[in-house]
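Structure file model36.pdb with PDB, C-alpha atoms, pLDDT in the B column:
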ATOM      1  CA  MET V 809      19.935   9.894   1.140  1.00 38.00           C
ATOM      2  CA  PRO V 810      20.674   6.666  -0.725  1.00 38.00           C
ATOM      3  CA  ASP V 811      20.245   6.389  -4.454  1.00 42.00           C
ATOM      4  CA  GLN V 812      17.079   4.420  -5.099  1.00 50.00           C
ATOM      5  CA  GLY V 813      18.060   3.746  -8.695  1.00 53.00           C
ATOM      6  CA  GLY V 814      15.007   5.100 -10.500  1.00 62.00           C
ATOM      7  CA  SER V 815      11.694   3.438 -11.262  1.00 68.00           C
ATOM      8  CA  ARG V 816      11.504  -0.365 -11.273  1.00 77.00           C
ATOM      9  CA  GLN V 817       8.974  -0.684 -14.127  1.00 80.00           C
ATOM     10  CA  ASN V 818       8.851  -4.067 -15.871  1.00 87.00           C
ATOM     11  CA  VAL V 819       5.247  -4.383 -17.084  1.00 90.00           C
ATOM     12  CA  THR V 820       2.478  -2.372 -18.744  1.00 92.00           C
ATOM     13  CA  PHE V 821      -1.276  -2.798 -18.347  1.00 91.00           C
ATOM     14  CA  PRO V 822      -4.418  -1.015 -19.605  1.00 88.00           C
ATOM     15  CA  SER V 823      -5.975   1.476 -17.229  1.00 85.00           C
ATOM     16  CA  ASN V 824      -8.528   4.249 -17.660  1.00 77.00           C
ATOM     17  CA  GLY V 825      -8.188   4.194 -21.445  1.00 82.00           C
ATOM     18  CA  ARG V 826      -4.411   4.489 -21.441  1.00 85.00           C
ATOM     19  CA  THR V 827      -1.329   2.399 -20.729  1.00 89.00           C
ATOM     20  CA  ALA V 828      -0.102   2.258 -17.151  1.00 90.00           C
ATOM     21  CA  HIS V 829       3.223   0.903 -15.925  1.00 92.00           C
ATOM     22  CA  GLY V 830       4.298  -1.072 -12.904  1.00 95.00           C
ATOM     23  CA  TYR V 831       6.405  -3.819 -11.390  1.00 96.00           C
ATOM     24  CA  LEU V 832       5.118  -7.405 -11.540  1.00 96.00           C
ATOM     25  CA  ALA V 833       6.495 -10.193  -9.340  1.00 96.00           C
ATOM     26  CA  ARG V 834       5.249 -13.779  -9.588  1.00 96.00           C
ATOM     27  CA  PRO V 835       5.484 -16.506  -6.931  1.00 97.00           C
ATOM     28  CA  PRO V 836       7.971 -19.365  -7.426  1.00 96.00           C
ATOM     29  CA  GLN V 837       5.161 -21.852  -8.004  1.00 94.00           C
ATOM     30  CA  GLY V 838       3.545 -19.547 -10.582  1.00 93.00           C
ATOM     31  CA  VAL V 839       0.112 -19.638  -8.922  1.00 96.00           C
ATOM     32  CA  GLY V 840      -1.235 -17.600  -6.025  1.00 97.00           C
ATOM     33  CA  PRO V 841      -3.592 -14.839  -4.865  1.00 98.00           C
ATOM     34  CA  GLY V 842      -3.275 -11.393  -6.425  1.00 98.00           C
ATOM     35  CA  LEU V 843      -1.845  -8.508  -4.434  1.00 98.00           C
ATOM     36  CA  VAL V 844      -1.496  -4.815  -5.329  1.00 98.00           C
ATOM     37  CA  VAL V 845       1.355  -2.989  -3.570  1.00 98.00           C
ATOM     38  CA  VAL V 846       0.974   0.792  -3.535  1.00 98.00           C
ATOM     39  CA  GLN V 847       4.103   2.960  -3.415  1.00 97.00           C
ATOM     40  CA  GLU V 848       5.227   5.588  -0.924  1.00 97.00           C
ATOM     41  CA  TRP V 849       5.668   9.192  -2.026  1.00 96.00           C
ATOM     42  CA  TRP V 850       9.220   8.329  -3.156  1.00 96.00           C
ATOM     43  CA  GLY V 851       7.810   6.511  -6.205  1.00 95.00           C
ATOM     44  CA  LEU V 852       8.189   2.972  -7.527  1.00 95.00           C
ATOM     45  CA  THR V 853      11.592   2.562  -5.900  1.00 94.00           C
ATOM     46  CA  SER V 854      13.842  -0.387  -5.157  1.00 94.00           C
ATOM     47  CA  HIS V 855      12.204  -0.620  -1.718  1.00 95.00           C
ATOM     48  CA  ILE V 856       8.737  -1.092  -3.217  1.00 96.00           C
ATOM     49  CA  ALA V 857      10.064  -3.586  -5.776  1.00 96.00           C
ATOM     50  CA  ASP V 858      11.758  -5.456  -2.939  1.00 97.00           C
ATOM     51  CA  MET V 859       8.496  -5.554  -0.986  1.00 98.00           C
ATOM     52  CA  ALA V 860       6.767  -6.935  -4.084  1.00 98.00           C
ATOM     53  CA  ASP V 861       9.466  -9.609  -4.404  1.00 97.00           C
ATOM     54  CA  ARG V 862       9.114 -10.521  -0.732  1.00 98.00           C
ATOM     55  CA  PHE V 863       5.359 -10.976  -1.052  1.00 98.00           C
ATOM     56  CA  ALA V 864       5.854 -12.991  -4.250  1.00 98.00           C
ATOM     57  CA  ALA V 865       8.307 -15.274  -2.431  1.00 98.00           C
ATOM     58  CA  GLU V 866       5.487 -15.913   0.066  1.00 98.00           C
ATOM     59  CA  GLY V 867       3.137 -17.098  -2.694  1.00 98.00           C
ATOM     60  CA  PHE V 868       1.391 -13.965  -4.011  1.00 98.00           C
ATOM     61  CA  THR V 869       1.258 -12.591  -7.556  1.00 97.00           C
ATOM     62  CA  VAL V 870       2.137  -8.946  -6.968  1.00 98.00           C
ATOM     63  CA  LEU V 871       1.652  -5.817  -9.054  1.00 97.00           C
ATOM     64  CA  ALA V 872       3.057  -2.478  -7.878  1.00 97.00           C
ATOM     65  CA  PRO V 873       1.720   0.287 -10.176  1.00 96.00           C
ATOM     66  CA  ASP V 874       3.961   3.244 -10.966  1.00 95.00           C
ATOM     67  CA  LEU V 875       1.787   6.220 -10.036  1.00 95.00           C
ATOM     68  CA  PHE V 876       4.475   8.799 -10.878  1.00 95.00           C
ATOM     69  CA  GLY V 877       5.065   7.671 -14.454  1.00 90.00           C
ATOM     70  CA  GLY V 878       8.701   6.712 -13.967  1.00 90.00           C
ATOM     71  CA  ALA V 879       9.767   9.513 -11.627  1.00 93.00           C
ATOM     72  CA  THR V 880      11.310   8.813  -8.228  1.00 92.00           C
ATOM     73  CA  ALA V 881      12.189  11.278  -5.485  1.00 93.00           C
ATOM     74  CA  HIS V 882      15.375  11.509  -3.451  1.00 86.00           C
ATOM     75  CA  ASP V 883      14.417  14.178  -0.929  1.00 92.00           C
ATOM     76  CA  ASN V 884      11.294  15.302   0.898  1.00 93.00           C
ATOM     77  CA  ALA V 885      10.719  18.391  -1.221  1.00 96.00           C
ATOM     78  CA  GLU V 886      10.802  16.419  -4.468  1.00 95.00           C
ATOM     79  CA  ALA V 887       8.552  13.712  -3.026  1.00 95.00           C
ATOM     80  CA  ALA V 888       6.059  16.305  -1.781  1.00 95.00           C
ATOM     81  CA  ARG V 889       5.976  17.899  -5.245  1.00 96.00           C
ATOM     82  CA  LEU V 890       5.328  14.578  -6.996  1.00 96.00           C
ATOM     83  CA  LYS V 891       2.564  13.752  -4.546  1.00 95.00           C
ATOM     84  CA  ARG V 892       1.020  17.212  -4.905  1.00 95.00           C
ATOM     85  CA  GLU V 893       1.020  16.942  -8.714  1.00 96.00           C
ATOM     86  CA  LEU V 894      -0.636  13.505  -8.734  1.00 95.00           C
ATOM     87  CA  PRO V 895      -4.418  13.768  -9.179  1.00 92.00           C
ATOM     88  CA  VAL V 896      -6.086  11.526  -6.618  1.00 92.00           C
ATOM     89  CA  GLY V 897      -8.696  10.381  -9.128  1.00 89.00           C
ATOM     90  CA  GLN V 898      -6.036   9.383 -11.655  1.00 88.00           C
ATOM     91  CA  ALA V 899      -4.155   7.407  -9.019  1.00 92.00           C
ATOM     92  CA  VAL V 900      -7.270   5.496  -8.000  1.00 93.00           C
ATOM     93  CA  GLU V 901      -8.093   4.777 -11.657  1.00 90.00           C
ATOM     94  CA  ASP V 902      -4.584   3.419 -12.252  1.00 89.00           C
ATOM     95  CA  LEU V 903      -4.892   1.261  -9.163  1.00 95.00           C
ATOM     96  CA  SER V 904      -8.300   0.015 -10.287  1.00 95.00           C
ATOM     97  CA  GLY V 905      -6.731  -0.952 -13.597  1.00 94.00           C
ATOM     98  CA  ALA V 906      -4.064  -2.837 -11.674  1.00 95.00           C
ATOM     99  CA  VAL V 907      -6.740  -4.830  -9.838  1.00 97.00           C
ATOM    100  CA  ASP V 908      -8.445  -5.749 -13.114  1.00 96.00           C
ATOM    101  CA  HIS V 909      -5.122  -6.663 -14.718  1.00 95.00           C
ATOM    102  CA  LEU V 910      -4.176  -8.943 -11.838  1.00 96.00           C
ATOM    103  CA  LEU V 911      -7.543 -10.697 -11.931  1.00 96.00           C
ATOM    104  CA  SER V 912      -7.074 -11.303 -15.678  1.00 96.00           C
ATOM    105  CA  LEU V 913      -3.694 -13.013 -15.296  1.00 95.00           C
ATOM    106  CA  ASP V 914      -3.266 -16.758 -15.562  1.00 93.00           C
ATOM    107  CA  GLY V 915      -2.103 -18.095 -12.230  1.00 92.00           C
ATOM    108  CA  VAL V 916      -3.953 -15.557 -10.079  1.00 97.00           C
ATOM    109  CA  THR V 917      -6.307 -17.478  -7.845  1.00 96.00           C
ATOM    110  CA  GLY V 918      -9.646 -16.282  -6.506  1.00 95.00           C
ATOM    111  CA  ASP V 919     -11.964 -13.533  -7.665  1.00 96.00           C
ATOM    112  CA  ALA V 920     -10.601 -10.792  -5.383  1.00 98.00           C
ATOM    113  CA  VAL V 921      -7.181  -9.391  -4.548  1.00 98.00           C
ATOM    114  CA  GLY V 922      -5.432  -7.860  -1.567  1.00 98.00           C
ATOM    115  CA  VAL V 923      -3.984  -4.355  -1.400  1.00 98.00           C
ATOM    116  CA  VAL V 924      -1.032  -3.220   0.710  1.00 98.00           C
ATOM    117  CA  GLY V 925      -0.042   0.449   0.754  1.00 98.00           C
ATOM    118  CA  PHE V 926       2.759   2.390   2.401  1.00 98.00           C
ATOM    119  CA  CYS V 927       2.658   6.050   3.489  1.00 97.00           C
ATOM    120  CA  MET V 928       0.906   7.927   0.642  1.00 97.00           C
ATOM    121  CA  GLY V 929       0.036   4.529  -0.800  1.00 98.00           C
ATOM    122  CA  ALA V 930      -1.803   3.507   2.370  1.00 98.00           C
ATOM    123  CA  GLY V 931      -4.377   6.210   1.828  1.00 97.00           C
ATOM    124  CA  PHE V 932      -4.702   5.254  -1.831  1.00 98.00           C
ATOM    125  CA  ALA V 933      -5.093   1.594  -0.797  1.00 98.00           C
ATOM    126  CA  LEU V 934      -8.137   2.477   1.291  1.00 98.00           C
ATOM    127  CA  LEU V 935      -9.557   4.674  -1.494  1.00 97.00           C
ATOM    128  CA  LEU V 936      -9.070   1.819  -3.962  1.00 97.00           C
ATOM    129  CA  ALA V 937     -10.701  -0.744  -1.688  1.00 97.00           C
ATOM    130  CA  ALA V 938     -13.743   1.506  -1.249  1.00 96.00           C
ATOM    131  CA  ARG V 939     -13.986   2.033  -5.010  1.00 95.00           C
ATOM    132  CA  ALA V 940     -13.365  -1.565  -6.071  1.00 96.00           C
ATOM    133  CA  GLY V 941     -15.838  -3.132  -3.658  1.00 95.00           C
ATOM    134  CA  ASP V 942     -15.788  -6.931  -3.648  1.00 96.00           C
ATOM    135  CA  LYS V 943     -12.825  -7.067  -6.045  1.00 98.00           C
ATOM    136  CA  VAL V 944     -10.663  -6.294  -2.984  1.00 98.00           C
ATOM    137  CA  ALA V 945     -10.952  -8.770  -0.121  1.00 98.00           C
ATOM    138  CA  ALA V 946      -8.231  -7.431   2.199  1.00 98.00           C
ATOM    139  CA  VAL V 947      -6.494  -4.074   2.565  1.00 98.00           C
ATOM    140  CA  VAL V 948      -3.414  -3.293   4.669  1.00 98.00           C
ATOM    141  CA  PRO V 949      -2.493   0.391   5.144  1.00 98.00           C
ATOM    142  CA  PHE V 950       0.936   1.081   6.628  1.00 98.00           C
ATOM    143  CA  TYR V 951       1.206   4.509   8.319  1.00 98.00           C
ATOM    144  CA  GLY V 952      -1.111   6.384   5.978  1.00 98.00           C
ATOM    145  CA  LEU V 953      -4.746   7.485   5.554  1.00 97.00           C
ATOM    146  CA  PRO V 954      -6.834   9.036   2.748  1.00 96.00           C
ATOM    147  CA  PRO V 955      -6.080  12.740   2.250  1.00 92.00           C
ATOM    148  CA  ASP V 956      -9.692  13.630   3.066  1.00 93.00           C
ATOM    149  CA  PRO V 957     -10.295  12.906   6.784  1.00 92.00           C
ATOM    150  CA  ASP V 958     -14.040  12.919   6.076  1.00 93.00           C
ATOM    151  CA  PHE V 959     -13.796  10.289   3.327  1.00 94.00           C
ATOM    152  CA  ASP V 960     -16.948   8.199   2.923  1.00 93.00           C
ATOM    153  CA  TYR V 961     -16.008   4.518   3.287  1.00 96.00           C
ATOM    154  CA  ARG V 962     -19.432   3.126   2.365  1.00 94.00           C
ATOM    155  CA  GLY V 963     -18.108   1.215  -0.676  1.00 93.00           C
ATOM    156  CA  LEU V 964     -15.604  -0.674   1.456  1.00 97.00           C
ATOM    157  CA  THR V 965     -16.206  -4.416   1.847  1.00 97.00           C
ATOM    158  CA  ALA V 966     -12.603  -5.570   2.407  1.00 98.00           C
ATOM    159  CA  HIS V 967     -11.184  -6.646   5.736  1.00 98.00           C
ATOM    160  CA  VAL V 968      -8.788  -3.995   7.082  1.00 98.00           C
ATOM    161  CA  LEU V 969      -5.480  -4.414   8.923  1.00 98.00           C
ATOM    162  CA  GLY V 970      -3.677  -1.174   9.797  1.00 98.00           C
ATOM    163  CA  HIS V 971      -0.093  -0.609  10.993  1.00 98.00           C
ATOM    164  CA  PHE V 972       0.831   2.769  12.516  1.00 98.00           C
ATOM    165  CA  GLY V 973       3.662   4.233  14.562  1.00 98.00           C
ATOM    166  CA  GLU V 974       3.022   5.718  17.980  1.00 97.00           C
ATOM    167  CA  ARG V 975       5.756   8.296  17.305  1.00 97.00           C
ATOM    168  CA  ASP V 976       4.575   9.171  13.795  1.00 97.00           C
ATOM    169  CA  ARG V 977       4.087  12.942  13.803  1.00 93.00           C
ATOM    170  CA  SER V 978       2.456  12.911  10.362  1.00 94.00           C
ATOM    171  CA  ILE V 979      -0.301  10.436  11.325  1.00 95.00           C
ATOM    172  CA  PRO V 980      -1.523  11.069  14.889  1.00 95.00           C
ATOM    173  CA  MET V 981      -3.063   8.110  16.681  1.00 96.00           C
ATOM    174  CA  THR V 982      -6.244  10.147  17.142  1.00 97.00           C
ATOM    175  CA  ALA V 983      -6.573  10.437  13.343  1.00 97.00           C
ATOM    176  CA  VAL V 984      -6.189   6.677  13.004  1.00 98.00           C
ATOM    177  CA  ASP V 985      -8.834   6.066  15.660  1.00 97.00           C
ATOM    178  CA  GLU V 986     -11.198   8.488  13.943  1.00 97.00           C
ATOM    179  CA  ALA V 987     -10.708   6.760  10.580  1.00 97.00           C
ATOM    180  CA  ALA V 988     -11.376   3.353  12.154  1.00 97.00           C
ATOM    181  CA  THR V 989     -14.549   4.744  13.702  1.00 96.00           C
ATOM    182  CA  ARG V 990     -15.684   6.172  10.363  1.00 96.00           C
ATOM    183  CA  ILE V 991     -15.090   2.800   8.672  1.00 97.00           C
ATOM    184  CA  GLY V 992     -17.128   1.046  11.352  1.00 95.00           C
ATOM    185  CA  GLU V 993     -19.969   3.561  11.073  1.00 95.00           C
ATOM    186  CA  ALA V 994     -20.102   3.355   7.262  1.00 94.00           C
ATOM    187  CA  THR V 995     -19.726  -0.419   6.898  1.00 95.00           C
ATOM    188  CA  ASP V 996     -19.922  -3.620   8.907  1.00 89.00           C
ATOM    189  CA  ILE V 997     -16.101  -3.779   8.896  1.00 94.00           C
ATOM    190  CA  ARG V 998     -14.228  -3.547  12.188  1.00 95.00           C
ATOM    191  CA  PRO V 999     -10.631  -2.675  11.302  1.00 97.00           C
ATOM    192  CA  GLU V1000      -7.807  -4.457  13.083  1.00 98.00           C
ATOM    193  CA  ILE V1001      -5.402  -1.660  14.033  1.00 98.00           C
ATOM    194  CA  HIS V1002      -1.933  -2.055  15.532  1.00 98.00           C
ATOM    195  CA  PHE V1003       0.206   0.736  16.943  1.00 98.00           C
ATOM    196  CA  TYR V1004       3.954   0.200  17.202  1.00 98.00           C
ATOM    197  CA  PRO V1005       6.573   1.974  19.343  1.00 98.00           C
ATOM    198  CA  ALA V1006       8.069   3.443  16.182  1.00 98.00           C
ATOM    199  CA  GLY V1007       8.004   6.435  13.878  1.00 97.00           C
ATOM    200  CA  HIS V1008       6.780   6.889  10.322  1.00 97.00           C
ATOM    201  CA  ALA V1009       7.995   4.469   7.626  1.00 97.00           C
ATOM    202  CA  PHE V1010       9.296   1.937  10.134  1.00 98.00           C
ATOM    203  CA  MET V1011       9.048  -0.793   7.446  1.00 98.00           C
ATOM    204  CA  ASN V1012      11.331   0.988   4.960  1.00 96.00           C
ATOM    205  CA  ASP V1013      14.745  -0.653   5.293  1.00 95.00           C
ATOM    206  CA  GLU V1014      16.281   1.913   2.934  1.00 93.00           C
ATOM    207  CA  ASN V1015      15.811   4.167   5.973  1.00 91.00           C
ATOM    208  CA  LEU V1016      15.381   7.438   4.105  1.00 88.00           C
ATOM    209  CA  LEU V1017      13.837   9.069   7.177  1.00 91.00           C
ATOM    210  CA  GLY V1018      16.046   7.347   9.738  1.00 94.00           C
ATOM    211  CA  THR V1019      13.021   5.608  11.276  1.00 96.00           C
ATOM    212  CA  TYR V1020      13.431   2.006  10.094  1.00 97.00           C
ATOM    213  CA  ASP V1021      12.799  -0.379  12.987  1.00 98.00           C
ATOM    214  CA  PRO V1022      13.670  -4.000  12.130  1.00 98.00           C
ATOM    215  CA  LEU V1023      11.929  -5.471  15.190  1.00 98.00           C
ATOM    216  CA  GLN V1024       8.620  -3.687  14.562  1.00 98.00           C
ATOM    217  CA  ALA V1025       8.961  -4.355  10.833  1.00 98.00           C
ATOM    218  CA  ARG V1026       9.236  -8.096  11.449  1.00 98.00           C
ATOM    219  CA  THR V1027       6.163  -8.056  13.669  1.00 98.00           C
ATOM    220  CA  ALA V1028       4.103  -6.097  11.132  1.00 98.00           C
ATOM    221  CA  TRP V1029       5.307  -8.350   8.299  1.00 98.00           C
ATOM    222  CA  SER V1030       4.247 -11.507  10.146  1.00 98.00           C
ATOM    223  CA  ARG V1031       0.838 -10.054  10.966  1.00 98.00           C
ATOM    224  CA  THR V1032       0.353  -8.950   7.368  1.00 98.00           C
ATOM    225  CA  LEU V1033       1.154 -12.365   5.897  1.00 98.00           C
ATOM    226  CA  SER V1034      -1.210 -14.114   8.319  1.00 98.00           C
ATOM    227  CA  PHE V1035      -3.966 -11.593   7.558  1.00 98.00           C
ATOM    228  CA  LEU V1036      -3.610 -11.844   3.776  1.00 98.00           C
ATOM    229  CA  ARG V1037      -3.467 -15.630   3.804  1.00 98.00           C
ATOM    230  CA  GLY V1038      -6.522 -15.753   6.022  1.00 97.00           C
ATOM    231  CA  HIS V1039      -8.606 -13.605   3.694  1.00 97.00           C
ATOM    232  CA  LEU V1040      -7.132 -14.448   0.276  1.00 96.00           C
ATOM    233  CA  GLY V1041      -6.302 -18.118   0.751  1.00 78.00           C
TER     234      GLY V1041
END
Rewrite the coordinates I just gave you, this time as structure tokens.
Amino acid sequence: MPDQGGSRQNVTFPSNGRTAHGYLARPPQGVGPGLVVVQEWWGLTSHIADMADRFAAEGFTVLAPDLFGGATAHDNAEAARLKRELPVGQAVEDLSGAVDHLLSLDGVTGDAVGVVGFCMGAGFALLLAARAGDKVAAVVPFYGLPPDPDFDYRGLTAHVLGHFGERDRSIPMTAVDEAATRIGEATDIRPEIHFYPAGHAFMNDENLLGTYDPLQARTAWSRTLSFLRGHLG
């Protein structure tokens, strides 16, 4: 597997009574909506930093929190261990601190942010949106769901756009449909869900799993930008 070069930390912010770390990317014009990008189980890698830079280039102020405290994984076993050792509550608290930090920054427009999460981070993105309420206006999970299939989404007020692979063995389409149904039953939100003829992690151009699909990635990217601009301005 390629060397991801370690964590891409470049900023600290207060969270849950301690100091959290992350990667901050600002738009060229210096002003734009806030966006939290939530890492995969590999950590705050070059791929996640690149995604943050890409969103920043499109006009967003982006913060990608480092949920693993500087550690990055280079194989599935190491990634699974880091994920297993991360308390879900701590992760959501760190992400909540990231939302508050973004909203405090000069140049962040609006009174709510967007959240985009990948793999493990997709589930955390939905957990965060449910916890943060109206501080999150739009949430975009890529091929991931909360670890608890019976999660109560009643705190969720954000618009939801989901991207999932039809050939993703880790996230069956039936599980995605069930989660969308649960969101609809618990809230007045009707998630917009897209399935792609692709496997897991089809957006990750570092291709650690051999499933990167540039065509589907471009389609999902375009849909995501339109969705975020529509709900964040």
Item to check | Expansion of the PyMOL selection byres ((chain V and resi 965) around 7) into residues, as a VMD selection string | outcome: chain V and resid 941 to 942 963 to 964 966 to 967
Nearby residues, (7.7, 8.2, 1.1) file frame, 7 Å, all atoms listed in the file, as an mmCIF file with C-alpha atoms, in the coordinates of the input:
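Writing the result to part_31.cif gives the following:
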data_model
loop_
_atom_site.group_PDB
_atom_site.id
_atom_site.type_symbol
_atom_site.label_atom_id
_atom_site.label_comp_id
_atom_site.auth_asym_id
_atom_site.auth_seq_id
_atom_site.Cartn_x
_atom_site.Cartn_y
_atom_site.Cartn_z
ATOM 1 C CA GLU V 848 5.227 5.588 -0.924
ATOM 2 C CA TRP V 849 5.668 9.192 -2.026
ATOM 3 C CA TRP V 850 9.220 8.329 -3.156
ATOM 4 C CA ALA V 887 8.552 13.712 -3.026
ATOM 5 C CA CYS V 927 2.658 6.050 3.489
ATOM 6 C CA MET V 928 0.906 7.927 0.642
#
Item to check | Residues matched by the PyMOL selection byres ((chain V and resi 846) around 9), written as a count of residues only | outcome: 22
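In terms of minimum interatomic distance to Leu934 (chain V), V:Tyr961 ranks closest within V:Phe1010, V:Tyr961, V:Phe863, V:Tyr951, counting only C-alpha atoms.
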Item to check | Selection result of the PyMOL selection byres ((chain V and resi 1016-1024) around 8) on this file, as a count of residues only | outcome: 18
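Each of V:Ala945, V:Ala879, V:Ile991, V:Ala899 was checked against Phe959 (chain V) using all atoms listed in the file; the smallest atom-to-atom distance is that of V:Ile991.
Closest approach to Leu913 (chain V) from the set V:Gly840, V:Gly973, V:Gly992, V:Gly1038 is made by V:Gly840, with distances taken over all atoms listed in the file.
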Checklist entry - Separation of CA of Ala987 (chain V) and CA of Gly842 (chain V), in Å? => result 26.0 Å
